[in-house]
Amino acid sequence: MSTITTEALSATTLLRFATAGSVDDGKSTLVGRLLHDSKSVLVDQLEAVERASASRGQETPDLALLTDGLRAEREQGITIDVAYRYFATPRRRFILADTPGHVQYTRNMVTGASTAELTVVLVDARNGVVEQTRRHAAIAALLRVPHVVLAVNKMDLVGYEERVFAAIAEEFTAYATELGVPEVTAIPISALAGDNVVDASARMDWYGGPTVLEHLETVPVTHDLAHCHARLPVQYVIRPQTAELPDYRGYAGQIASGSFRVGEEVTVLPSGRTSRIAGIDLLGEPVDVAWTSQSVTVLLADDVDVSRGDLIVPSEDAPATTQDVEATVCHVADQPLTVGHRVLLKHGTRTVKAIVKDIPSRLTLADLSLHPHPGTLAANDIGRVKIRTAEPLPVDSYADSRRTGSFILIDPNDGTTLTAGMVGESFAAPEPVADTDDDGWDF
C-alpha cells in the first residue's frame, strides 16, 4: 500500500464521489481497479480476493470483490448495498460510494450521491445509454452534483472503436445538458483490463483526455459549505445543573453549513426569537469561531426557549418559515406515495406531521416529458409534490443549501423511509443554447 505522510494528507483536498450505472456495467470492477492500480489495497485484502476468485474457478483476481462485501453480493455477482471506501493519493483524499445498478436499489444511489461532489456514471459500450443510465443522470442533476463523469466501460469488447465512444458520449451529454448538469467529462475505459482507469491506454491513442484517477485528482472541489448560509440544527440541550455549572445552558449540534462567531446576533427558528452568541464550546474548550461539520455547543446571551429540532441562524440571513413545502422528490419505497398520504417529514433534527396535498407532475425519463397530476408516485419515480406540515419549518432552497434544503418523508406506522425531497426548483436551468426549445424542465 502506498505510504502517505500526515503532512501530505493535511495539504490535500477531500473529494466525495459516487459511482452509478446499470446492471453489469462494471461499477465494482472499476472501483476495484481504481483501488488496486493506485496501490490503495492492503496485501491481506488482495490475498482474500485472490482466494475467493480461485474458488470460483477464475484465473485472475476478480477486483469487484474488493467492494462487494455482502455474501449475497458475491454469490450473485451484483452490488446490493452502498459500499463506502476511503483511500488517498499524494494529491487528494477520497470518500467513494459504490452504489447498486439494479432498479430496485435506486434508493441506495440516492443515498450515495446525496453528499457527493462528483458522480461517475458507467455505461456498457455494447449497450449504450439505457433507461437506468438516464435515471442516474436525472438523480445526479436533481441532487445538483457539480461534476459528472461518463465512463464508457468495456471498450475492449467493442474493439476500442472511437466512433462507439463518440456516439455514446454525444447522446449522454445532450441528455445531461438538458437536465441542467453543469459539467460532463466523458472517458473511454476498460475496467477489466485497466485502460484509462489509473494508467493511460496504449490501445486508445485517439483519446487525449485524462484517465479516471487523473480527473478525480484534479477536478475542482467548488462546493464549500463553509461559505454557505450559516445553519445549526439543535440536536440536544445541555443543562448540567451541577455545583460547578449551575446556570449552564448550551445548545449542541453539528454545524450544517457556514460559520458562527461569538458576539454574532442569531435567530432561533421557527419561533423567531433573537439573541447573541455568548460563547461556543468545541471539544470542551471555548473558541471564538466554529464552522461547517464541527460539533459544537452554543451558549446564548439571553434565556430563550430553544429545544431539539430548532434551527439557529444569523439574524441577517434567516430563511423564511412555512407550512407549505413544494419540492421535487425521488420516491424510494415499494409502497406508493399518494395524494392525501399522511407522513412524517424529517428536516434536519426536526420531525413534524405532514400530509401530501398534491402531486403536480411525474417525470418520464425516456423523453423528459411531464405526466401531469398522476395522483401517485411508485418506487423510483421522480416527481413534484406539495406538502402541508403541521408546524412551520425553516427551509432553504436546495439550490442554496443541500443540507437544509432537503428532507425525507417517513411512514408514521413503521418508520420506513418513503421519499427523499429537495425543496424549491427541481433541476438547475440548462445553459441557454441558440435555436433550442427549453420547455419541459420547469416543474
# chains A, B, ... in the order shown; residues from 1 in each chain; ligands from 1
call {"tool": "residues_around", "arguments": {"residues": "segment 211-221 of chain A", "least_positions_apart": "6", "cutoff": "10 Å", "atoms": "only C-alpha atoms", "output": "ChimeraX atom specification"}}
result
/A:12-17,30,34-35,37-38,88-94,117-118,120,146-147,149-151,185-189,195-201
call {"tool": "write_last_selection", "arguments": {"atoms": "N, CA and C atoms", "output": "mmCIF file, in the first residue's frame"}}
result
data_model
loop_
_atom_site.group_PDB
_atom_site.id
_atom_site.type_symbol
_atom_site.label_atom_id
_atom_site.label_comp_id
_atom_site.auth_asym_id
_atom_site.auth_seq_id
_atom_site.Cartn_x
_atom_site.Cartn_y
_atom_site.Cartn_z
ATOM 1 N N THR A 12 -3.761 18.047 1.226
ATOM 2 C CA THR A 12 -4.618 17.622 0.129
ATOM 3 C C THR A 12 -6.062 17.992 0.414
ATOM 4 N N THR A 13 -6.853 18.022 -0.644
ATOM 5 C CA THR A 13 -8.279 18.274 -0.504
ATOM 6 C C THR A 13 -9.024 16.948 -0.459
ATOM 7 N N LEU A 14 -10.280 17.008 -0.042
ATOM 8 C CA LEU A 14 -11.120 15.823 0.043
ATOM 9 C C LEU A 14 -12.177 15.870 -1.049
ATOM 10 N N LEU A 15 -12.340 14.777 -1.782
ATOM 11 C CA LEU A 15 -13.383 14.659 -2.799
ATOM 12 C C LEU A 15 -14.295 13.496 -2.450
ATOM 13 N N ARG A 16 -15.566 13.786 -2.320
ATOM 14 C CA ARG A 16 -16.579 12.738 -2.146
ATOM 15 C C ARG A 16 -17.180 12.444 -3.515
ATOM 16 N N PHE A 17 -17.130 11.182 -3.935
ATOM 17 C CA PHE A 17 -17.731 10.852 -5.225
ATOM 18 C C PHE A 17 -18.440 9.512 -5.159
ATOM 19 N N LEU A 30 -14.604 -1.355 -11.732
ATOM 20 C CA LEU A 30 -13.917 -0.080 -11.862
ATOM 21 C C LEU A 30 -13.343 0.368 -10.525
ATOM 22 N N LEU A 34 -9.485 0.790 -9.610
ATOM 23 C CA LEU A 34 -9.005 2.079 -9.129
ATOM 24 C C LEU A 34 -8.203 1.908 -7.841
ATOM 25 N N LEU A 35 -8.738 1.115 -6.931
ATOM 26 C CA LEU A 35 -8.035 0.877 -5.671
ATOM 27 C C LEU A 35 -6.761 0.078 -5.883
ATOM 28 N N ASP A 37 -4.850 -0.387 -8.756
ATOM 29 C CA ASP A 37 -3.796 0.247 -9.548
ATOM 30 C C ASP A 37 -3.234 1.506 -8.885
ATOM 31 N N SER A 38 -3.997 2.093 -7.958
ATOM 32 C CA SER A 38 -3.466 3.240 -7.215
ATOM 33 C C SER A 38 -2.765 2.796 -5.939
ATOM 34 N N ALA A 88 -6.528 7.361 -0.581
ATOM 35 C CA ALA A 88 -5.845 8.630 -0.811
ATOM 36 C C ALA A 88 -4.678 8.434 -1.757
ATOM 37 N N THR A 89 -4.359 9.494 -2.476
ATOM 38 C CA THR A 89 -3.153 9.580 -3.289
ATOM 39 C C THR A 89 -2.374 10.788 -2.765
ATOM 40 N N PRO A 90 -1.149 10.984 -3.218
ATOM 41 C CA PRO A 90 -0.411 12.178 -2.751
ATOM 42 C C PRO A 90 -1.097 13.493 -3.083
ATOM 43 N N ARG A 91 -2.052 13.482 -4.020
ATOM 44 C CA ARG A 91 -2.677 14.729 -4.456
ATOM 45 C C ARG A 91 -4.032 14.991 -3.807
ATOM 46 N N ARG A 92 -4.728 13.932 -3.331
ATOM 47 C CA ARG A 92 -6.084 14.158 -2.828
ATOM 48 C C ARG A 92 -6.547 12.960 -2.006
ATOM 49 N N ARG A 93 -7.459 13.224 -1.060
ATOM 50 C CA ARG A 93 -8.130 12.161 -0.309
ATOM 51 C C ARG A 93 -9.522 11.934 -0.904
ATOM 52 N N PHE A 94 -10.028 10.712 -0.796
ATOM 53 C CA PHE A 94 -11.302 10.363 -1.434
ATOM 54 C C PHE A 94 -12.203 9.587 -0.479
ATOM 55 N N GLU A 117 -19.720 15.210 -4.515
ATOM 56 C CA GLU A 117 -19.369 16.367 -5.336
ATOM 57 C C GLU A 117 -19.108 15.959 -6.779
ATOM 58 N N LEU A 118 -19.065 14.646 -7.012
ATOM 59 C CA LEU A 118 -18.859 14.116 -8.360
ATOM 60 C C LEU A 118 -19.499 12.739 -8.440
ATOM 61 N N VAL A 120 -19.643 9.295 -10.985
ATOM 62 C CA VAL A 120 -19.164 8.566 -12.152
ATOM 63 C C VAL A 120 -20.299 7.670 -12.632
ATOM 64 N N PRO A 146 -22.152 18.637 -8.663
ATOM 65 C CA PRO A 146 -21.499 19.611 -9.548
ATOM 66 C C PRO A 146 -20.787 19.002 -10.758
ATOM 67 N N HIS A 147 -20.260 17.778 -10.626
ATOM 68 C CA HIS A 147 -19.466 17.197 -11.704
ATOM 69 C C HIS A 147 -19.951 15.783 -12.004
ATOM 70 N N VAL A 149 -18.978 12.385 -14.452
ATOM 71 C CA VAL A 149 -18.053 11.703 -15.356
ATOM 72 C C VAL A 149 -18.803 10.574 -16.043
ATOM 73 N N LEU A 150 -18.796 10.563 -17.356
ATOM 74 C CA LEU A 150 -19.348 9.441 -18.119
ATOM 75 C C LEU A 150 -18.201 8.495 -18.433
ATOM 76 N N ALA A 151 -18.202 7.329 -17.810
ATOM 77 C CA ALA A 151 -17.170 6.332 -18.064
ATOM 78 C C ALA A 151 -17.751 5.273 -18.995
ATOM 79 N N THR A 185 -17.755 15.023 -18.202
ATOM 80 C CA THR A 185 -16.460 14.616 -18.746
ATOM 81 C C THR A 185 -16.557 13.157 -19.158
ATOM 82 N N ALA A 186 -16.393 12.877 -20.449
ATOM 83 C CA ALA A 186 -16.521 11.511 -20.974
ATOM 84 C C ALA A 186 -15.131 10.879 -21.102
ATOM 85 N N ILE A 187 -14.992 9.639 -20.583
ATOM 86 C CA ILE A 187 -13.714 8.937 -20.611
ATOM 87 C C ILE A 187 -13.954 7.503 -21.078
ATOM 88 N N PRO A 188 -13.270 7.038 -22.138
ATOM 89 C CA PRO A 188 -13.388 5.639 -22.567
ATOM 90 C C PRO A 188 -12.469 4.759 -21.727
ATOM 91 N N ILE A 189 -13.009 3.673 -21.160
ATOM 92 C CA ILE A 189 -12.205 2.834 -20.272
ATOM 93 C C ILE A 189 -12.491 1.357 -20.494
ATOM 94 N N ASP A 195 -7.562 -0.074 -18.796
ATOM 95 C CA ASP A 195 -7.368 1.033 -19.741
ATOM 96 C C ASP A 195 -7.993 2.314 -19.231
ATOM 97 N N ASN A 196 -7.177 3.375 -19.119
ATOM 98 C CA ASN A 196 -7.628 4.730 -18.771
ATOM 99 C C ASN A 196 -8.297 4.834 -17.403
ATOM 100 N N VAL A 197 -8.026 3.885 -16.519
ATOM 101 C CA VAL A 197 -8.540 3.989 -15.151
ATOM 102 C C VAL A 197 -7.532 4.751 -14.291
ATOM 103 N N VAL A 198 -6.346 4.161 -14.129
ATOM 104 C CA VAL A 198 -5.248 4.861 -13.461
ATOM 105 C C VAL A 198 -4.166 5.226 -14.470
ATOM 106 N N ASP A 199 -3.867 4.269 -15.364
ATOM 107 C CA ASP A 199 -2.837 4.474 -16.382
ATOM 108 C C ASP A 199 -3.477 4.699 -17.750
ATOM 109 N N ALA A 200 -2.860 5.566 -18.549
ATOM 110 C CA ALA A 200 -3.358 5.843 -19.900
ATOM 111 C C ALA A 200 -3.263 4.591 -20.759
ATOM 112 N N SER A 201 -4.235 4.430 -21.664
ATOM 113 C CA SER A 201 -4.306 3.243 -22.510
ATOM 114 C C SER A 201 -3.518 3.432 -23.801
#
call {"tool": "closest_atom_pairs", "arguments": {"of": "segment 281-380 of chain A", "to": "segment 245-260 of chain A", "cutoff": "10 Å", "atoms": "only C-alpha atoms", "output": "tab-separated table"}}
result
residue	atom	partner	partner_atom	distance
A:Asp281	CA	A:Gly250	CA	8.7
A:Leu282	CA	A:Ala252	CA	9.9
A:Asp288	CA	A:Phe260	CA	8.5
A:Val289	CA	A:Phe260	CA	5.7
A:Ala290	CA	A:Phe260	CA	5.5
A:Trp291	CA	A:Ser259	CA	4.0
A:Thr292	CA	A:Ser257	CA	4.7
A:Ser293	CA	A:Ile255	CA	5.2
A:Gln294	CA	A:Gln254	CA	5.6
A:Ser295	CA	A:Gln254	CA	4.1
A:Val296	CA	A:Ala252	CA	5.6
A:Thr297	CA	A:Ala252	CA	4.2
A:Val298	CA	A:Tyr251	CA	5.1
A:Leu299	CA	A:Gly250	CA	4.8
A:Leu300	CA	A:Gly250	CA	7.6
A:Asp303	CA	A:Arg249	CA	8.6
A:Val306	CA	A:Tyr251	CA	7.7
A:Ser307	CA	A:Tyr251	CA	7.9
A:Arg308	CA	A:Tyr251	CA	8.5
A:Gly309	CA	A:Gly253	CA	9.9
A:Asp310	CA	A:Tyr251	CA	9.7
A:Leu311	CA	A:Gly253	CA	9.8
A:Ile312	CA	A:Tyr251	CA	9.3
A:Val313	CA	A:Phe260	CA	8.6
A:Pro314	CA	A:Phe260	CA	8.0
A:Gly348	CA	A:Ala256	CA	8.8
A:Thr349	CA	A:Gly253	CA	9.1
call {"tool": "residues_around", "arguments": {"residues": "segment 327-334 of chain A", "least_positions_apart": "3", "cutoff": "6 Å", "atoms": "only C-alpha atoms", "output": "NGL selection string"}}
result
:A and (107 or 379-385 or 418-424 or 426)
call {"tool": "closest_atom_pairs", "arguments": {"of": "segment 191-226 of chain A", "to": "segment 161-176 of chain A", "cutoff": "10 Å", "atoms": "only C-alpha atoms", "output": "CSV"}}
result
residue,atom,partner,partner_atom,distance
A:Arg203,CA,A:Glu161,CA,9.7
A:Met204,CA,A:Glu162,CA,7.8
A:Asp205,CA,A:Glu162,CA,9.7
A:Trp206,CA,A:Glu162,CA,7.1
A:Tyr207,CA,A:Glu162,CA,8.1
call {"tool": "select_by_dssp", "arguments": {"residues": "segment 183-391 of chain A", "states": "strand (DSSP E)", "output": "PyMOL selection string"}}
result
chain A and resi 184-188+232-233+236-238+250-254+259-261+265-269+273-282+285-287+289-291+295-300+311-314+321-331+337-338+342-347+350-364+369-372+376-377+382-391
call {"tool": "atom_distance", "arguments": {"atom1": "atom CA of Ala18 of chain A", "atom2": "atom CA of Asp124 of chain A"}}
result
17.4 Å
call {"tool": "closest_residue", "arguments": {"among": "A:Ile355, A:Val181, A:Lys154, A:Pro394", "to": "Gly194 of chain A", "atoms": "only C-alpha atoms"}}
result
A:Lys154
call {"tool": "atom_distance", "arguments": {"atom1": "atom CA of Gly405 of chain A", "atom2": "atom CA of Asp367 of chain A"}}
result
27.5 Å
call {"tool": "atom_distance", "arguments": {"atom1": "atom CA of Gly263 of chain A", "atom2": "atom CA of Leu232 of chain A"}}
result
15.8 Å
call {"tool": "residues_around", "arguments": {"residues": "Pro412 of chain A", "least_positions_apart": "5", "cutoff": "9 Å", "atoms": "only C-alpha atoms", "output": "ChimeraX atom specification"}}
result
/A:342-344,353
call {"tool": "residues_around", "arguments": {"residues": "Val130 of chain A", "least_positions_apart": "6", "cutoff": "12 Å", "atoms": "only C-alpha atoms", "output": "PyMOL selection string"}}
result
chain A and resi 21-23+25+101+103+121-124+136-137+168+171-172+175+365-366
call {"tool": "write_last_selection", "arguments": {"atoms": "N, CA and C atoms", "output": "mmCIF file, in the first residue's frame"}}
result
data_model
loop_
_atom_site.group_PDB
_atom_site.id
_atom_site.type_symbol
_atom_site.label_atom_id
_atom_site.label_comp_id
_atom_site.auth_asym_id
_atom_site.auth_seq_id
_atom_site.Cartn_x
_atom_site.Cartn_y
_atom_site.Cartn_z
ATOM 1 N N GLY A 21 -24.660 3.385 -12.399
ATOM 2 C CA GLY A 21 -24.772 2.789 -13.723
ATOM 3 C C GLY A 21 -25.751 1.637 -13.709
ATOM 4 N N SER A 22 -26.010 1.077 -14.876
ATOM 5 C CA SER A 22 -26.962 -0.022 -14.971
ATOM 6 C C SER A 22 -26.313 -1.330 -14.526
ATOM 7 N N VAL A 23 -27.119 -2.375 -14.497
ATOM 8 C CA VAL A 23 -26.638 -3.685 -14.058
ATOM 9 C C VAL A 23 -25.523 -4.190 -14.968
ATOM 10 N N ASP A 25 -22.650 -3.041 -15.650
ATOM 11 C CA ASP A 25 -21.837 -2.073 -16.387
ATOM 12 C C ASP A 25 -20.397 -2.040 -15.889
ATOM 13 N N GLY A 101 -26.710 -1.012 -9.189
ATOM 14 C CA GLY A 101 -27.216 -0.690 -10.511
ATOM 15 C C GLY A 101 -28.642 -1.134 -10.744
ATOM 16 N N VAL A 103 -32.604 -1.542 -10.634
ATOM 17 C CA VAL A 103 -33.645 -0.532 -10.473
ATOM 18 C C VAL A 103 -34.186 -0.533 -9.047
ATOM 19 N N VAL A 121 -20.836 7.960 -13.811
ATOM 20 C CA VAL A 121 -21.907 7.147 -14.396
ATOM 21 C C VAL A 121 -21.285 6.233 -15.442
ATOM 22 N N LEU A 122 -21.397 4.920 -15.213
ATOM 23 C CA LEU A 122 -20.831 3.950 -16.148
ATOM 24 C C LEU A 122 -21.855 3.534 -17.186
ATOM 25 N N VAL A 123 -21.356 3.309 -18.390
ATOM 26 C CA VAL A 123 -22.177 2.807 -19.484
ATOM 27 C C VAL A 123 -21.418 1.670 -20.156
ATOM 28 N N ASP A 124 -22.094 0.562 -20.408
ATOM 29 C CA ASP A 124 -21.506 -0.536 -21.171
ATOM 30 C C ASP A 124 -21.443 -0.114 -22.629
ATOM 31 N N HIS A 136 -30.099 7.578 -13.519
ATOM 32 C CA HIS A 136 -28.981 8.012 -12.687
ATOM 33 C C HIS A 136 -28.529 9.428 -13.053
ATOM 34 N N ALA A 137 -28.600 9.773 -14.330
ATOM 35 C CA ALA A 137 -28.267 11.146 -14.740
ATOM 36 C C ALA A 137 -29.271 12.125 -14.149
ATOM 37 N N ILE A 168 -21.907 7.405 -27.929
ATOM 38 C CA ILE A 168 -22.465 7.319 -26.571
ATOM 39 C C ILE A 168 -22.240 8.630 -25.824
ATOM 40 N N GLU A 171 -24.721 11.317 -27.056
ATOM 41 C CA GLU A 171 -26.094 11.101 -26.602
ATOM 42 C C GLU A 171 -26.246 11.439 -25.127
ATOM 43 N N PHE A 172 -25.314 10.957 -24.310
ATOM 44 C CA PHE A 172 -25.424 11.189 -22.867
ATOM 45 C C PHE A 172 -25.249 12.665 -22.537
ATOM 46 N N TYR A 175 -28.345 14.644 -23.257
ATOM 47 C CA TYR A 175 -29.388 14.363 -22.269
ATOM 48 C C TYR A 175 -29.079 15.077 -20.952
ATOM 49 N N LEU A 365 -38.626 9.558 -17.887
ATOM 50 C CA LEU A 365 -37.193 9.616 -18.143
ATOM 51 C C LEU A 365 -36.836 9.503 -19.613
ATOM 52 N N ALA A 366 -37.625 8.766 -20.372
ATOM 53 C CA ALA A 366 -37.260 8.500 -21.762
ATOM 54 C C ALA A 366 -37.130 9.780 -22.577
#
